[in-house]
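Coordinates from input10.pdb are shown below (PDB, C-alpha atoms).
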```
ATOM      1  CA  MET A 226      59.175-224.899 -53.622  1.00  0.00           C
ATOM      2  CA  ASN A 227      62.191-226.890 -52.502  1.00  0.00           C
ATOM      3  CA  ASP A 228      62.026-227.116 -48.699  1.00  0.00           C
ATOM      4  CA  LYS A 229      65.804-226.994 -48.245  1.00  0.00           C
ATOM      5  CA  ASN A 230      65.753-223.552 -49.872  1.00  0.00           C
ATOM      6  CA  PHE A 231      62.802-222.308 -47.856  1.00  0.00           C
ATOM      7  CA  ALA A 232      63.350-219.872 -44.970  1.00  0.00           C
ATOM      8  CA  GLY A 233      66.967-219.115 -45.775  1.00  0.00           C
ATOM      9  CA  ASN A 234      68.345-222.632 -45.266  1.00  0.00           C
ATOM     10  CA  SER A 235      70.139-222.606 -48.608  1.00  0.00           C
ATOM     11  CA  LYS A 236      73.492-220.974 -49.390  1.00  0.00           C
ATOM     12  CA  SER A 237      72.024-219.154 -52.382  1.00  0.00           C
ATOM     13  CA  ALA A 238      68.804-217.543 -53.476  1.00  0.00           C
ATOM     14  CA  VAL A 239      67.263-215.850 -56.477  1.00  0.00           C
ATOM     15  CA  ASP A 240      65.182-212.808 -55.608  1.00  0.00           C
ATOM     16  CA  PHE A 241      61.963-212.021 -57.428  1.00  0.00           C
ATOM     17  CA  LEU A 242      63.825-209.592 -59.695  1.00  0.00           C
ATOM     18  CA  GLY A 243      66.038-212.428 -60.938  1.00  0.00           C
ATOM     19  CA  ASN A 244      69.196-211.494 -59.009  1.00  0.00           C
ATOM     20  CA  GLU A 245      71.128-214.483 -57.680  1.00  0.00           C
ATOM     21  CA  TRP A 246      72.757-214.176 -54.273  1.00  0.00           C
ATOM     22  CA  LYS A 247      75.334-216.403 -52.570  1.00  0.00           C
ATOM     23  CA  PHE A 248      75.737-216.247 -48.793  1.00  0.00           C
ATOM     24  CA  ASP A 249      76.551-218.166 -45.640  1.00  0.00           C
ATOM     25  CA  CYS A 250      73.547-216.676 -43.816  1.00  0.00           C
ATOM     26  CA  MET A 251      70.840-214.757 -45.651  1.00  0.00           C
ATOM     27  CA  GLY A 252      69.954-212.638 -42.603  1.00  0.00           C
ATOM     28  CA  CYS A 253      73.575-211.640 -42.031  1.00  0.00           C
ATOM     29  CA  ALA A 254      74.070-210.926 -45.746  1.00  0.00           C
ATOM     30  CA  ILE A 255      71.035-208.615 -45.719  1.00  0.00           C
ATOM     31  CA  SER A 256      72.288-206.901 -42.546  1.00  0.00           C
ATOM     32  CA  LYS A 257      75.731-206.326 -44.101  1.00  0.00           C
ATOM     33  CA  GLY A 258      74.245-205.034 -47.364  1.00  0.00           C
ATOM     34  CA  GLU A 259      75.601-208.014 -49.341  1.00  0.00           C
ATOM     35  CA  ILE A 260      72.066-208.814 -50.509  1.00  0.00           C
ATOM     36  CA  LYS A 261      70.103-205.906 -51.905  1.00  0.00           C
ATOM     37  CA  ILE A 262      66.448-206.337 -50.956  1.00  0.00           C
ATOM     38  CA  PRO A 263      64.133-205.721 -53.944  1.00  0.00           C
ATOM     39  CA  GLY A 264      62.826-202.188 -53.602  1.00  0.00           C
ATOM     40  CA  GLY A 265      65.512-201.412 -51.028  1.00  0.00           C
ATOM     41  CA  ILE A 266      65.409-201.171 -47.272  1.00  0.00           C
ATOM     42  CA  ILE A 267      62.158-199.718 -45.974  1.00  0.00           C
ATOM     43  CA  TYR A 268      63.475-198.947 -42.496  1.00  0.00           C
ATOM     44  CA  GLU A 269      66.810-199.468 -40.805  1.00  0.00           C
ATOM     45  CA  GLY A 270      67.127-199.084 -37.076  1.00  0.00           C
ATOM     46  CA  LYS A 271      69.996-199.713 -34.711  1.00  0.00           C
ATOM     47  CA  TYR A 272      69.087-203.418 -34.454  1.00  0.00           C
ATOM     48  CA  THR A 273      66.683-204.158 -37.311  1.00  0.00           C
ATOM     49  CA  ILE A 274      66.081-203.917 -41.027  1.00  0.00           C
ATOM     50  CA  LEU A 275      62.624-203.934 -42.590  1.00  0.00           C
ATOM     51  CA  GLY A 276      62.145-204.831 -46.231  1.00  0.00           C
ATOM     52  CA  ALA A 277      60.077-206.846 -48.661  1.00  0.00           C
ATOM     53  CA  ASP A 278      60.616-210.569 -48.695  1.00  0.00           C
ATOM     54  CA  PRO A 279      63.321-210.938 -51.354  1.00  0.00           C
ATOM     55  CA  GLU A 280      62.072-214.249 -52.752  1.00  0.00           C
ATOM     56  CA  ILE A 281      58.282-214.088 -52.622  1.00  0.00           C
ATOM     57  CA  PRO A 282      56.590-211.325 -54.657  1.00  0.00           C
ATOM     58  CA  ILE A 283      53.498-210.516 -52.608  1.00  0.00           C
ATOM     59  CA  PRO A 284      52.710-206.823 -52.059  1.00  0.00           C
ATOM     60  CA  GLY A 285      53.100-206.034 -48.375  1.00  0.00           C
ATOM     61  CA  PHE A 286      54.963-209.242 -47.479  1.00  0.00           C
ATOM     62  CA  LEU A 287      57.535-207.746 -45.127  1.00  0.00           C
ATOM     63  CA  ILE A 288      60.460-209.162 -43.203  1.00  0.00           C
ATOM     64  CA  VAL A 289      61.764-207.719 -39.937  1.00  0.00           C
ATOM     65  CA  ASN A 290      65.370-208.900 -39.804  1.00  0.00           C
ATOM     66  CA  ILE A 291      67.530-208.561 -36.699  1.00  0.00           C
ATOM     67  CA  LYS A 292      71.055-207.407 -37.576  1.00  0.00           C
ATOM     68  CA  ARG A 293      72.855-209.554 -35.038  1.00  0.00           C
ATOM     69  CA  HIS A 294      73.145-213.262 -35.838  1.00  0.00           C
ATOM     70  CA  VAL A 295      70.803-214.916 -33.356  1.00  0.00           C
ATOM     71  CA  ASN A 296      68.311-217.695 -33.868  1.00  0.00           C
ATOM     72  CA  SER A 297      65.475-217.000 -31.467  1.00  0.00           C
ATOM     73  CA  PHE A 298      63.396-214.211 -29.995  1.00  0.00           C
ATOM     74  CA  SER A 299      64.568-215.411 -26.579  1.00  0.00           C
ATOM     75  CA  GLU A 300      68.169-214.515 -27.547  1.00  0.00           C
ATOM     76  CA  LEU A 301      67.353-210.854 -28.189  1.00  0.00           C
ATOM     77  CA  ASN A 302      68.316-208.279 -25.604  1.00  0.00           C
ATOM     78  CA  LYS A 303      65.734-205.812 -24.307  1.00  0.00           C
ATOM     79  CA  GLU A 304      66.696-203.046 -26.741  1.00  0.00           C
ATOM     80  CA  GLU A 305      66.453-205.420 -29.710  1.00  0.00           C
ATOM     81  CA  ARG A 306      63.075-206.751 -28.517  1.00  0.00           C
ATOM     82  CA  ASN A 307      61.771-203.204 -28.124  1.00  0.00           C
ATOM     83  CA  GLU A 308      62.902-202.174 -31.596  1.00  0.00           C
ATOM     84  CA  VAL A 309      61.490-205.332 -33.188  1.00  0.00           C
ATOM     85  CA  GLY A 310      58.167-204.609 -31.488  1.00  0.00           C
ATOM     86  CA  ASP A 311      58.138-200.996 -32.648  1.00  0.00           C
ATOM     87  CA  VAL A 312      58.965-201.976 -36.241  1.00  0.00           C
ATOM     88  CA  ILE A 313      56.168-204.560 -36.267  1.00  0.00           C
ATOM     89  CA  VAL A 314      53.669-202.044 -34.881  1.00  0.00           C
ATOM     90  CA  TYR A 315      54.502-199.417 -37.511  1.00  0.00           C
ATOM     91  CA  ALA A 316      54.707-201.939 -40.363  1.00  0.00           C
ATOM     92  CA  GLU A 317      51.248-203.274 -39.481  1.00  0.00           C
ATOM     93  CA  LYS A 318      49.892-199.739 -39.159  1.00  0.00           C
ATOM     94  CA  ALA A 319      51.358-198.858 -42.563  1.00  0.00           C
ATOM     95  CA  LEU A 320      49.786-201.894 -44.227  1.00  0.00           C
ATOM     96  CA  LYS A 321      46.388-201.104 -42.713  1.00  0.00           C
ATOM     97  CA  GLU A 322      46.360-197.288 -42.861  1.00  0.00           C
ATOM     98  CA  LEU A 323      47.567-197.338 -46.471  1.00  0.00           C
ATOM     99  CA  LYS A 324      44.751-199.810 -47.164  1.00  0.00           C
ATOM    100  CA  ILE A 325      47.098-202.461 -48.525  1.00  0.00           C
ATOM    101  CA  VAL A 326      45.507-205.201 -46.393  1.00  0.00           C
ATOM    102  CA  ARG A 327      43.119-205.446 -43.452  1.00  0.00           C
ATOM    103  CA  GLU A 328      44.901-208.228 -41.575  1.00  0.00           C
ATOM    104  CA  VAL A 329      48.310-209.859 -41.355  1.00  0.00           C
ATOM    105  CA  THR A 330      49.887-213.003 -39.972  1.00  0.00           C
ATOM    106  CA  LEU A 331      53.114-212.780 -37.974  1.00  0.00           C
ATOM    107  CA  VAL A 332      55.496-215.739 -38.198  1.00  0.00           C
ATOM    108  CA  GLN A 333      58.817-216.437 -36.542  1.00  0.00           C
ATOM    109  CA  GLU A 334      60.460-219.809 -36.723  1.00  0.00           C
ATOM    110  CA  GLU A 335      63.883-220.871 -35.563  1.00  0.00           C
ATOM    111  CA  ARG A 336      64.429-223.193 -38.513  1.00  0.00           C
ATOM    112  CA  SER A 337      66.035-220.502 -40.658  1.00  0.00           C
ATOM    113  CA  LYS A 338      68.942-220.015 -38.208  1.00  0.00           C
ATOM    114  CA  HIS A 339      68.761-216.194 -38.302  1.00  0.00           C
ATOM    115  CA  PHE A 340      66.018-214.397 -36.407  1.00  0.00           C
ATOM    116  CA  HIS A 341      63.449-212.655 -38.557  1.00  0.00           C
ATOM    117  CA  ILE A 342      59.712-212.152 -38.458  1.00  0.00           C
ATOM    118  CA  TRP A 343      57.393-212.441 -41.409  1.00  0.00           C
ATOM    119  CA  ILE A 344      54.645-209.881 -41.632  1.00  0.00           C
ATOM    120  CA  PHE A 345      52.502-211.798 -44.082  1.00  0.00           C
ATOM    121  CA  PRO A 346      49.590-209.907 -45.663  1.00  0.00           C
ATOM    122  CA  ASN A 347      46.275-211.714 -45.848  1.00  0.00           C
ATOM    123  CA  TYR A 348      44.525-211.079 -49.176  1.00  0.00           C
ATOM    124  CA  ILE A 349      41.078-212.313 -50.156  1.00  0.00           C
ATOM    125  CA  TRP A 350      42.539-214.236 -53.133  1.00  0.00           C
ATOM    126  CA  MET A 351      44.671-216.258 -50.727  1.00  0.00           C
ATOM    127  CA  THR A 352      41.676-217.365 -48.687  1.00  0.00           C
ATOM    128  CA  GLU A 353      39.625-218.079 -51.803  1.00  0.00           C
ATOM    129  CA  LYS A 354      42.373-220.143 -53.414  1.00  0.00           C
ATOM    130  CA  PHE A 355      43.971-221.887 -50.407  1.00  0.00           C
ATOM    131  CA  GLY A 356      41.832-221.386 -47.315  1.00  0.00           C
ATOM    132  CA  LYS A 357      42.512-219.426 -44.169  1.00  0.00           C
ATOM    133  CA  GLY A 358      45.249-219.970 -41.653  1.00  0.00           C
ATOM    134  CA  ILE A 359      48.952-220.334 -41.188  1.00  0.00           C
ATOM    135  CA  LYS A 360      49.026-223.831 -42.665  1.00  0.00           C
ATOM    136  CA  TYR A 361      48.519-222.306 -46.132  1.00  0.00           C
ATOM    137  CA  LEU A 362      51.426-219.850 -46.080  1.00  0.00           C
ATOM    138  CA  ARG A 363      53.835-222.192 -47.887  1.00  0.00           C
ATOM    139  CA  ASP A 364      51.247-222.901 -50.613  1.00  0.00           C
ATOM    140  CA  VAL A 365      50.529-219.191 -51.045  1.00  0.00           C
ATOM    141  CA  SER A 366      54.265-218.403 -51.136  1.00  0.00           C
ATOM    142  CA  GLU A 367      54.980-221.071 -53.735  1.00  0.00           C
ATOM    143  CA  TYR A 368      52.045-219.920 -55.850  1.00  0.00           C
ATOM    144  CA  ALA A 369      53.251-216.305 -55.737  1.00  0.00           C
ATOM    145  CA  GLN A 370      56.777-217.320 -56.737  1.00  0.00           C
ATOM    146  CA  LYS A 371      55.597-219.370 -59.700  1.00  0.00           C
ATOM    147  CA  ASN A 372      52.821-217.095 -60.942  1.00  0.00           C
ATOM    148  CA  ALA A 373      53.964-213.517 -60.380  1.00  0.00           C
ATOM    149  CA  SER A 374      53.504-211.259 -63.371  1.00  0.00           C
ATOM    150  CA  GLU A 375      55.456-208.115 -64.183  1.00  0.00           C
ATOM    151  CA  SER A 376      52.574-206.072 -62.821  1.00  0.00           C
ATOM    152  CA  ASP A 377      52.658-208.086 -59.561  1.00  0.00           C
ATOM    153  CA  VAL A 378      56.360-207.299 -59.172  1.00  0.00           C
ATOM    154  CA  LYS A 379      55.717-203.610 -59.904  1.00  0.00           C
ATOM    155  CA  GLU A 380      52.968-203.615 -57.272  1.00  0.00           C
ATOM    156  CA  VAL A 381      55.364-205.111 -54.699  1.00  0.00           C
ATOM    157  CA  LEU A 382      57.883-202.361 -55.441  1.00  0.00           C
ATOM    158  CA  ASN A 383      55.173-199.662 -55.298  1.00  0.00           C
ATOM    159  CA  VAL A 384      54.005-200.958 -51.916  1.00  0.00           C
ATOM    160  CA  VAL A 385      57.606-200.956 -50.647  1.00  0.00           C
ATOM    161  CA  GLU A 386      57.916-197.303 -51.660  1.00  0.00           C
ATOM    162  CA  SER A 387      54.586-196.413 -50.010  1.00  0.00           C
ATOM    163  CA  ILE A 388      55.600-198.075 -46.753  1.00  0.00           C
ATOM    164  CA  ARG A 389      59.056-196.445 -46.860  1.00  0.00           C
ATOM    165  CA  LYS A 390      57.382-193.024 -47.152  1.00  0.00           C
ATOM    166  CA  TYR A 391      55.071-193.942 -44.271  1.00  0.00           C
ATOM    167  CA  PHE A 392      58.110-194.745 -42.095  1.00  0.00           C
ATOM    168  CA  GLU A 393      59.962-191.593 -43.169  1.00  0.00           C
ATOM    169  CA  LYS A 394      57.087-189.466 -41.817  1.00  0.00           C
ATOM    170  CA  ARG A 395      57.326-191.074 -38.380  1.00  0.00           C
ATOM    171  CA  ASN A 396      59.982-191.320 -35.735  1.00  0.00           C
ATOM    172  CA  ILE A 397      59.439-194.824 -34.450  1.00  0.00           C
ATOM    173  CA  ASN A 398      62.183-194.484 -31.852  1.00  0.00           C
ATOM    174  CA  GLU A 399      60.254-191.939 -29.779  1.00  0.00           C
TER
END
```

Just give me the structure of the file as structure tokens.
Amino acid sequence: MNDKNFAGNSKSAVDFLGNEWKFDCMGCAISKGEIKIPGGIIYEGKYTILGADPEIPIPGFLIVNIKRHVNSFSELNKEERNEVGDVIVYAEKALKELKIVREVTLVQEERSKHFHIWIFPNYIWMTEKFGKGIKYLRDVSEYAQKNASESDVKEVLNVVESIRKYFEKRNINE
């Protein structure tokens, strides 16, 4: 994995379906619909978009993207913070109640220049192959990018659809 392309720091990307995207800011391009997230948007609120990570094909690897171009959680207004929190709560519940994974890791870093939060699923194979903890997320991500099979990609898309249906049955704004 080339570090300059990691976390949206590049001006282009290839999603795990093979589509190439050019952009000034990946987060803004997703918010404007210029980048089509593989499997489509799971949930769109007033301030956020939830979808699968477009570059790393791991079932249940979700991204909460803020629509407005800001860099840090501290730059969000109260309404945005509330919606981000609600989306995280329901995304985690979906992953656990649908028995996709038992635990997740949340990550937000300012390096990517557009605020988003990773909801990274923790699978047994990841721990067995790389160990446990946040320090292994890059290794796991690179491995998934390089070794994903067609069935892995189909599983990602199936999980996206399952989580979308989970969200459709709930009104997270209440």

request  = Enter the distance from CA of Glu380 in chain A to CA of Gly252 in chain A, in Å, rounded to one decimal.
outcome  =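 One can read the CA of Glu380 in chain A to CA of Gly252 in chain A distance as 24.2 Å.
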
Which residues of range 290-345 of chain A come within 9 Å of range 351-373 of chain A, and for each one, what is the closest pair of atoms and their distance in Å to one decimal, counting only C-alpha atoms, sorted by chain and residue number, as CSV?
```
residue,atom,partner,partner_atom,distance
A:Thr330,CA,A:Ile359,CA,7.5
A:Val332,CA,A:Ile359,CA,8.5
A:Phe345,CA,A:Leu362,CA,8.4
```

ask   = Once you count all atoms listed in the file, which residues end up no further than 8 Å from (72.9, -207.6, -41.7) in the file's frame, shown as number ranges by chain?
value = A: 252-258, 274, 290-293

Nearest residue to Arg389 in chain A from the set A:Pro279, A:Gly243, A:Pro284, A:Gly265 (distances using only C-alpha atoms) =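 Among A:Pro279, A:Gly243, A:Pro284, A:Gly265, it is A:Gly265 that comes nearest to Arg389 in chain A.
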
key: Gap from CA of Gly310 in chain A to CA of Val381 in chain A - Å, one decimal   =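 If I compute the distance from CA of Gly310 in chain A to CA of Val381 in chain A, I get 23.4 Å.
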
request  = Enumerate, as a list in words, the residues matched when the PyMOL selection byres ((chain A and resi 396) around 12) is run on the file above.
outcome  = Tyr268, Glu269, Gly270, Glu308, Asp311, Val312, Tyr315, Lys390, Tyr391, Phe392, Glu393, Lys394, Arg395, Ile397, Asn398 and Glu399 of chain A

key: Residue IDs satisfying the PyMOL selection byres ((chain A and resi 276) around 6), as an MDAnalysis selection string   = chainID A and resid 266:267 275 277 287:288

Take the residues from that selection and write them out as an mmCIF file, keeping the file's coordinate frame, keeping C-alpha atoms.
```cif
data_model
loop_
_atom_site.group_PDB
_atom_site.id
_atom_site.type_symbol
_atom_site.label_atom_id
_atom_site.label_comp_id
_atom_site.auth_asym_id
_atom_site.auth_seq_id
_atom_site.Cartn_x
_atom_site.Cartn_y
_atom_site.Cartn_z
ATOM 1 C CA ILE A 266 65.409 -201.171 -47.272
ATOM 2 C CA ILE A 267 62.158 -199.718 -45.974
ATOM 3 C CA LEU A 275 62.624 -203.934 -42.590
ATOM 4 C CA ALA A 277 60.077 -206.846 -48.661
ATOM 5 C CA LEU A 287 57.535 -207.746 -45.127
ATOM 6 C CA ILE A 288 60.460 -209.162 -43.203
#
```

message = I'd like to know which of A:Ile344, A:Pro282, A:His294, A:Tyr272 is closest to Ala319 in chain A, using only C-alpha atoms.
response =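 The shortest atom-to-atom distance to Ala319 in chain A comes from A:Ile344.
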
task = Work out how far apart CA of Glu335 in chain A and CA of Val289 in chain A are and give it in Å to one decimal.
result = 14.0 Å

inquiry  = Between A:Val385, A:Phe286, A:Glu280, A:Asn302, which residue has the minimum interatomic distance to Glu245 in chain A, considering all atoms listed in the file?
reply    =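 Of the candidates, the smallest distance to Glu245 in chain A is held by A:Glu280.
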
Residues returned when the PyMOL selection byres ((chain A and resi 327) around 10) runs on this file, as a list in words = Glu317, Lys318, Leu320, Lys321, Glu322, Leu323, Lys324, Ile325, Val326, Glu328, Val329, Pro346, Asn347, Tyr348 and Ile349 of chain A

Can you spit out the residues from that selection as a PDB file, keeping the file's coordinate frame, using C-alpha atoms?
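selection_16.pdb written:
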```
ATOM      1  CA  GLU A 317      51.248-203.274 -39.481  1.00  0.00           C
ATOM      2  CA  LYS A 318      49.892-199.739 -39.159  1.00  0.00           C
ATOM      3  CA  LEU A 320      49.786-201.894 -44.227  1.00  0.00           C
ATOM      4  CA  LYS A 321      46.388-201.104 -42.713  1.00  0.00           C
ATOM      5  CA  GLU A 322      46.360-197.288 -42.861  1.00  0.00           C
ATOM      6  CA  LEU A 323      47.567-197.338 -46.471  1.00  0.00           C
ATOM      7  CA  LYS A 324      44.751-199.810 -47.164  1.00  0.00           C
ATOM      8  CA  ILE A 325      47.098-202.461 -48.525  1.00  0.00           C
ATOM      9  CA  VAL A 326      45.507-205.201 -46.393  1.00  0.00           C
ATOM     10  CA  GLU A 328      44.901-208.228 -41.575  1.00  0.00           C
ATOM     11  CA  VAL A 329      48.310-209.859 -41.355  1.00  0.00           C
ATOM     12  CA  PRO A 346      49.590-209.907 -45.663  1.00  0.00           C
ATOM     13  CA  ASN A 347      46.275-211.714 -45.848  1.00  0.00           C
ATOM     14  CA  TYR A 348      44.525-211.079 -49.176  1.00  0.00           C
ATOM     15  CA  ILE A 349      41.078-212.313 -50.156  1.00  0.00           C
TER      16      ILE A 349
END
```

request  = Could you check which of A:Asp377, A:Val314, A:His339, A:Gly264 is closest to Glu300 in chain A, using only C-alpha atoms?
outcome  =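 Answer, going by the shortest atom-to-atom distance: A:His339.
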